[in-house]
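K.L.:
I'd like to ask you about the structure that follows.
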Amino acid sequence: MRQKLLFLLLLILFGINTANATRYYVDAAGTNTNWSDATTWTDACKHLDLVMLNASDGDEIWVKAGIYDPSTFFYPPDQSAYYFSCVLVAGSDLQIYGGFDGTEANLSERTAWNVNQSVITGINNIRWLSLNGTNSTFDGFVIEKNECGLAGIMLGSGKQMLSNLIIRFNRSYAGNDLEALIFCETGTYGYVTLFNVEITNNKVATGATLPVAVIGTLGTTLDLINVTIANNEEEKELALRAHSSEVNILNSIIWYDDQAYPNPIEFLPAVRIWNENSTSVINAANSDIMGSGGSGSNWQLAPDVIDLGDNLDIDPIFVNPSNDMYYSPNFELDCDKGSPLIDKGENSFIPNIFFNDYDLAANARIFPKIVDIGAYECQSYPSPSSMPSKKSSFEENLIVYPTILREEASVLLTFGKDVNAEYINLYSSAGALISRQAITDNNISVSIPSQSGIYLLIVYGTNQQLFTQKVVRY
């Protein structure tokens, strides 16, 4: 691949200088209208837009649970028409967190963003949210029931992390070909990561000639990690559109419930993924994509999407995939009914960021040992028959470290006693054999190429495959 498959070292690579950073507090129910002295919960500013616009590089913004609609904004948009402006603009490299109850002193104390919801709603404008800069984080919000004339969320130059978000029941009317509900235009060296994000029951329409999408990219590396995209209605049939970009769909769901709308045949193609030009690459691994056929010989998305393995095409079995906001839609995996996506993800895809131990519902992100596909993690198994099979004695006696490589040149395999293994093969994600080594000792080092990507280690015994391990190179 020409660019990095995963951009998971955000906090390290961004090089944020927090020595002189300020933390600002926002409370929609507050009375303070001055952003500059909003440095405690007591003095929290009520205007989220004003604080975002004026905060400086590296500053944090903590947003208390509440409803953030135009009545709380310092510069409320004209609700009678679309204007070429954005309501919420991050003017610098900001770390913006929602989901607080207003008593937290440390970020680690914010552990219930699913209960203490910071809701952005009621905006009718050309855009709702714009993030730019070499590093921005937007985490812990519900964005619902808004309308926009172009992209609702615009991600500009630099590196952006969007995590722990629910984006639902919004409407985007894109007036030109390249726009989308979420549009990423970061430039050649820009990266966007969506992690633990639910994008459901949105509607995207267009007056343009070419299709628009729920997510669109232009000159961007985009990682979708544990993202659930479901039940979105696209007038011209695209869930994802990539232009001169690299997109990696990892541990994610792209699905449409054909029972959610009265005329499912009309909208079923809405899961389409379009690789628009030859300079784009779209990869998928450990994801459930409707219409894909699943990994292997039945893969239906070539050449637009490259199958990197362990992909599925199966009903996720959501708790309640309703398209009616009044019927409590719930896109968590139904654990009691035994969702087939339980334990089907890849742990090494989880980004190395704060709060990566949690899923979108603020539960354990990995339970018990393997991550699920999608934004939510089942915290129980329906019955003993649904439990993952016990590790073989061979697996119990083998340690592979590291499985995520940054500067390391190789992976070390440590075998226990009496392990009957003969050789190790290393493959590329395309299935090409890179190396073969005989197992002559209890400690075997396997060199991993310096090129970013996913690699596969397979340990063989006499005429049989004994063990498989994915390795990610940044």
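Quick note on naming: the chains in the structure tokens go A, B, ... in the order shown, residues restart at 1 in each chain, and ligands are numbered from 1 in order of appearance.
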Using only C-alpha atoms, determine which residues lie at most 12 Å from Pro76 of chain A, disregarding the query and same-chain residues fewer than 3 positions distant; provide the list as a count of residues only.
P.N.:
22
K.L.:
Considering only helix (DSSP H, G or I) as DSSP defines it on the backbone, what residues of segment 200-443 of chain A qualify? List them as a PyMOL selection string.
P.N.:
chain A and resi 264-271+325-327+347-349+384-386+393-396
K.L.:
By how many Å are atom CA of Phe355 of chain A and atom CA of Cys184 of chain A apart?
P.N.:
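Interatomic distance here is 23.4 Å.
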K.L.:
Rank nothing, just name the residue among A:Ile61, A:Ala29, A:Ala432, A:Ile126 nearest to Thr42 of chain A, using only C-alpha atoms.
P.N.:
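Among the listed residues, A:Ala29 lies closest to Thr42 of chain A.
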K.L.:
Give me, as an MDAnalysis selection string, the residues of segment 196-445 of chain A that a backbone DSSP run labels strand (DSSP E or B).
P.N.:
chainID A and resid 196:200 203:206 213:218 221:230 233:234 240:243 246:250 253:255 273:275 281:285 288:289 306:307 312 318:320 330:333 358 364 366 371 398:401 404:405 410:415 423:428 433:438 443:445
K.L.:
Per residue of segment 293-412 of chain A within 10 Å of segment 151-173 of chain A, which atom pair is closest and at what distance in Å (one decimal), using only C-alpha atoms, listed by chain and increasing number, as a tab-separated table?
P.N.:
residue	atom	partner	partner_atom	distance
A:Asn323	CA	A:Phe169	CA	8.5
A:Asp324	CA	A:Phe169	CA	8.9
A:Met325	CA	A:Phe169	CA	7.7
A:Ile353	CA	A:Met161	CA	9.4
A:Phe355	CA	A:Asn164	CA	9.2
A:Asn356	CA	A:Ser163	CA	9.4
A:Tyr358	CA	A:Asn164	CA	9.0
A:Asp359	CA	A:Asn164	CA	7.5
A:Leu360	CA	A:Asn164	CA	5.1
A:Ala361	CA	A:Asn164	CA	8.3
A:Ala362	CA	A:Asn164	CA	8.7
A:Ala375	CA	A:Asn164	CA	8.3
K.L.:
For the selection just defined, write its residues with C-alpha atoms to a file, as a short mmCIF file (atom, residue, chain, number, x, y, z; two decimals), in the first residue's frame.
P.N.:
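Below is the file that was written, again.cif:
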data_model
loop_
_atom_site.label_atom_id
_atom_site.label_comp_id
_atom_site.auth_asym_id
_atom_site.auth_seq_id
_atom_site.Cartn_x
_atom_site.Cartn_y
_atom_site.Cartn_z
CA ASN A 323 -35.88 3.57 11.51
CA ASP A 324 -38.36 5.33 13.80
CA MET A 325 -36.79 7.48 16.51
CA ILE A 353 -5.81 6.27 22.06
CA PHE A 355 -10.55 5.38 26.18
CA ASN A 356 -9.76 2.56 23.77
CA TYR A 358 -14.38 1.11 26.11
CA ASP A 359 -17.01 0.59 23.43
CA LEU A 360 -19.64 3.14 22.41
CA ALA A 361 -21.85 2.16 25.35
CA ALA A 362 -18.93 2.72 27.78
CA ALA A 375 -19.38 -0.03 17.65
#
K.L.:
Would you please work out which residue, of A:Asp101, A:Asp139, A:Asp315, A:Glu234, is nearest to Glu60 of chain A when using only C-alpha atoms?
P.N.:
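Once distances to Glu60 of chain A are computed over only C-alpha atoms, the minimum belongs to A:Asp139.
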K.L.:
One number please: atom CA of Ala21 of chain A to atom CA of Met52 of chain A, in Å, one decimal.
P.N.:
13.9 Å
K.L.:
Skip Leu457 of chain A itself and residues of its chain fewer than 2 positions away, then list as a compact mmCIF listing (two decimals) with C-alpha atoms, in the first residue's frame all residues within 8 Å of it, counting only C-alpha atoms.
P.N.:
# COMPACT_ATOMS: atom_id res chain seq x y z
CA ILE A 424 6.50 -20.82 9.86
CA ASN A 425 5.23 -19.06 6.74
CA LEU A 426 4.81 -15.29 6.48
CA TYR A 427 2.27 -14.02 3.94
CA TYR A 455 0.74 -9.69 7.46
CA VAL A 459 2.64 -22.13 11.88
CA THR A 468 -2.58 -18.34 12.50
CA GLN A 469 -1.75 -14.81 13.70
CA LYS A 470 -2.30 -11.43 12.04
CA VAL A 471 0.47 -8.87 12.44
K.L.:
Name all residues at most 9 Å from Glu408 of chain A (count only C-alpha atoms; drop same-chain ones fewer than 4 positions away) and give them as an NGL selection string.
P.N.:
:A and (402 or 404 or 448)
K.L.:
Find the residues near Val51 of chain A: any atom within 10 Å, counting only C-alpha atoms, skip ones fewer than 6 places away on the same chain, and give them as a list in words.
P.N.:
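Final neighbour list, sorted by chain and number: Tyr24, Tyr25, Val26, Thr33, Asn34, Trp35, Ser36, Ala38, Cys45, Ile61, Phe74, Leu88, Val89, Ala90 and Gly91 of chain A.
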K.L.:
Keeping only C-alpha atoms, write the selected residues to a file as a JSON list (two decimals), in the first residue's frame.
P.N.:
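Everything below was put into result-v7.json:
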[["chain", "number", "residue", "atom", "x", "y", "z"],
["A", 24, "TYR", "CA", -12.43, 25.10, 28.88],
["A", 25, "TYR", "CA", -15.81, 23.97, 30.17],
["A", 26, "VAL", "CA", -19.18, 24.20, 28.40],
["A", 33, "THR", "CA", -21.47, 33.85, 28.00],
["A", 34, "ASN", "CA", -17.75, 34.64, 28.22],
["A", 35, "TRP", "CA", -15.56, 31.90, 26.79],
["A", 36, "SER", "CA", -12.21, 33.16, 28.12],
["A", 38, "ALA", "CA", -14.79, 29.30, 31.40],
["A", 45, "CYS", "CA", -19.66, 28.90, 29.10],
["A", 61, "ILE", "CA", -12.97, 21.52, 25.75],
["A", 74, "PHE", "CA", -23.50, 32.67, 20.33],
["A", 88, "LEU", "CA", -19.36, 24.59, 15.06],
["A", 89, "VAL", "CA", -15.82, 25.32, 13.87],
["A", 90, "ALA", "CA", -12.67, 24.08, 15.59],
["A", 91, "GLY", "CA", -10.32, 26.96, 14.86]]
K.L.:
Using only C-alpha atoms, find the one residue out of A:Leu222, A:Leu405, A:Val446, A:Leu433 that sits nearest to Arg473 of chain A.
P.N.:
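Smallest distance to Arg473 of chain A is found for A:Leu405.
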K.L.:
Using only C-alpha atoms, which protein or nucleic acid residues come within 12 Å of Leu301 of chain A? Drop anything in the same chain fewer than 2 positions from it, and give the result as a list in words.
P.N.:
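Non-adjacent residues within range: Val271, Arg272, Ile273, Trp274, Asn275, Ile282, Asn283, Ala284, Ile289, Met290, Gly291, Ser292, Gly293, Gly294, Ser295, Gly296, Ser297, Asn298, Trp299, Pro303, Asp304, Val305, Ile306, Asp307, Leu308, Asn311 and Asp313 of chain A.
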K.L.:
Keeping only C-alpha atoms, take the residues you just selected and write them out as a PDB file, in the first residue's frame.
P.N.:
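Result written to out.pdb:
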ATOM      1  CA  VAL A 271     -24.706  -0.367   0.930  1.00  0.00           C
ATOM      2  CA  ARG A 272     -22.665   0.247  -2.214  1.00  0.00           C
ATOM      3  CA  ILE A 273     -19.024   1.208  -1.848  1.00  0.00           C
ATOM      4  CA  TRP A 274     -17.476   3.095  -4.749  1.00  0.00           C
ATOM      5  CA  ASN A 275     -13.773   3.375  -5.444  1.00  0.00           C
ATOM      6  CA  ILE A 282     -10.267   0.577  -0.256  1.00  0.00           C
ATOM      7  CA  ASN A 283      -9.393  -2.334   2.032  1.00  0.00           C
ATOM      8  CA  ALA A 284     -11.683  -4.391   4.259  1.00  0.00           C
ATOM      9  CA  ILE A 289     -20.565  -5.726   4.676  1.00  0.00           C
ATOM     10  CA  MET A 290     -23.953  -6.394   3.153  1.00  0.00           C
ATOM     11  CA  GLY A 291     -23.717  -7.739  -0.371  1.00  0.00           C
ATOM     12  CA  SER A 292     -19.979  -8.446  -0.132  1.00  0.00           C
ATOM     13  CA  GLY A 293     -20.337 -12.218  -0.222  1.00  0.00           C
ATOM     14  CA  GLY A 294     -17.803 -12.513   2.582  1.00  0.00           C
ATOM     15  CA  SER A 295     -14.095 -13.216   2.246  1.00  0.00           C
ATOM     16  CA  GLY A 296     -12.781 -15.703  -0.253  1.00  0.00           C
ATOM     17  CA  SER A 297     -14.047 -16.875  -3.620  1.00  0.00           C
ATOM     18  CA  ASN A 298     -17.504 -15.337  -3.107  1.00  0.00           C
ATOM     19  CA  TRP A 299     -16.176 -11.791  -2.638  1.00  0.00           C
ATOM     20  CA  PRO A 303     -12.237  -4.367  -7.788  1.00  0.00           C
ATOM     21  CA  ASP A 304     -13.604  -1.482  -5.693  1.00  0.00           C
ATOM     22  CA  VAL A 305     -12.779  -3.091  -2.341  1.00  0.00           C
ATOM     23  CA  ILE A 306      -9.812  -5.360  -1.571  1.00  0.00           C
ATOM     24  CA  ASP A 307     -10.617  -8.332   0.655  1.00  0.00           C
ATOM     25  CA  LEU A 308      -7.976  -8.596   3.380  1.00  0.00           C
ATOM     26  CA  ASN A 311     -15.004 -10.410   6.192  1.00  0.00           C
ATOM     27  CA  ASP A 313     -21.927 -10.929   4.763  1.00  0.00           C
TER      28      ASP A 313
END
K.L.:
Could you check how far atom CA of Ser410 of chain A sits from atom CA of Ala285 of chain A, in Å to one decimal?
P.N.:
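Atom-to-atom, atom CA of Ser410 of chain A to atom CA of Ala285 of chain A, that is 22.6 Å.
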K.L.:
Can you tell me which residues surround Asn363 of chain A at a distance of at most 12 Å, considering only C-alpha atoms, apart from same-chain residues fewer than 5 positions away, and format the answer as a PDB file with C-alpha atoms, in the first residue's frame?
P.N.:
ATOM      1  CA  THR A 111     -17.024   6.851  31.958  1.00  0.00           C
ATOM      2  CA  ALA A 112     -20.741   7.235  31.163  1.00  0.00           C
ATOM      3  CA  TRP A 113     -20.962   9.317  27.978  1.00  0.00           C
ATOM      4  CA  ASN A 114     -23.757   6.989  26.844  1.00  0.00           C
ATOM      5  CA  VAL A 115     -25.862   8.175  29.819  1.00  0.00           C
ATOM      6  CA  ASN A 164     -17.581   7.531  20.684  1.00  0.00           C
ATOM      7  CA  ASN A 196     -16.615   3.471  18.103  1.00  0.00           C
ATOM      8  CA  GLU A 332     -26.121  -2.873  19.681  1.00  0.00           C
ATOM      9  CA  PHE A 355     -10.550   5.384  26.185  1.00  0.00           C
ATOM     10  CA  ASN A 356      -9.762   2.563  23.773  1.00  0.00           C
ATOM     11  CA  ASP A 357     -10.710   0.147  26.569  1.00  0.00           C
ATOM     12  CA  TYR A 358     -14.377   1.106  26.107  1.00  0.00           C
ATOM     13  CA  PRO A 368     -13.753 -11.438  27.155  1.00  0.00           C
ATOM     14  CA  VAL A 371     -13.249  -7.741  20.122  1.00  0.00           C
ATOM     15  CA  ALA A 375     -19.379  -0.031  17.654  1.00  0.00           C
ATOM     16  CA  TYR A 376     -20.772  -2.091  20.525  1.00  0.00           C
ATOM     17  CA  GLU A 377     -19.362  -5.035  22.462  1.00  0.00           C
ATOM     18  CA  CYS A 378     -21.469  -7.867  23.860  1.00  0.00           C
ATOM     19  CA  GLN A 379     -20.767  -8.262  27.566  1.00  0.00           C
ATOM     20  CA  SER A 380     -22.180 -11.784  27.833  1.00  0.00           C
TER      21      SER A 380
END
K.L.:
Smallest atom-to-atom distance to Gly140 of chain A: which of A:Ile317, A:Val214, A:Val411, A:Ala65, using only C-alpha atoms?
P.N.:
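Checking each of A:Ile317, A:Val214, A:Val411, A:Ala65 against Gly140 of chain A, counting only C-alpha atoms, the winner is A:Ala65.
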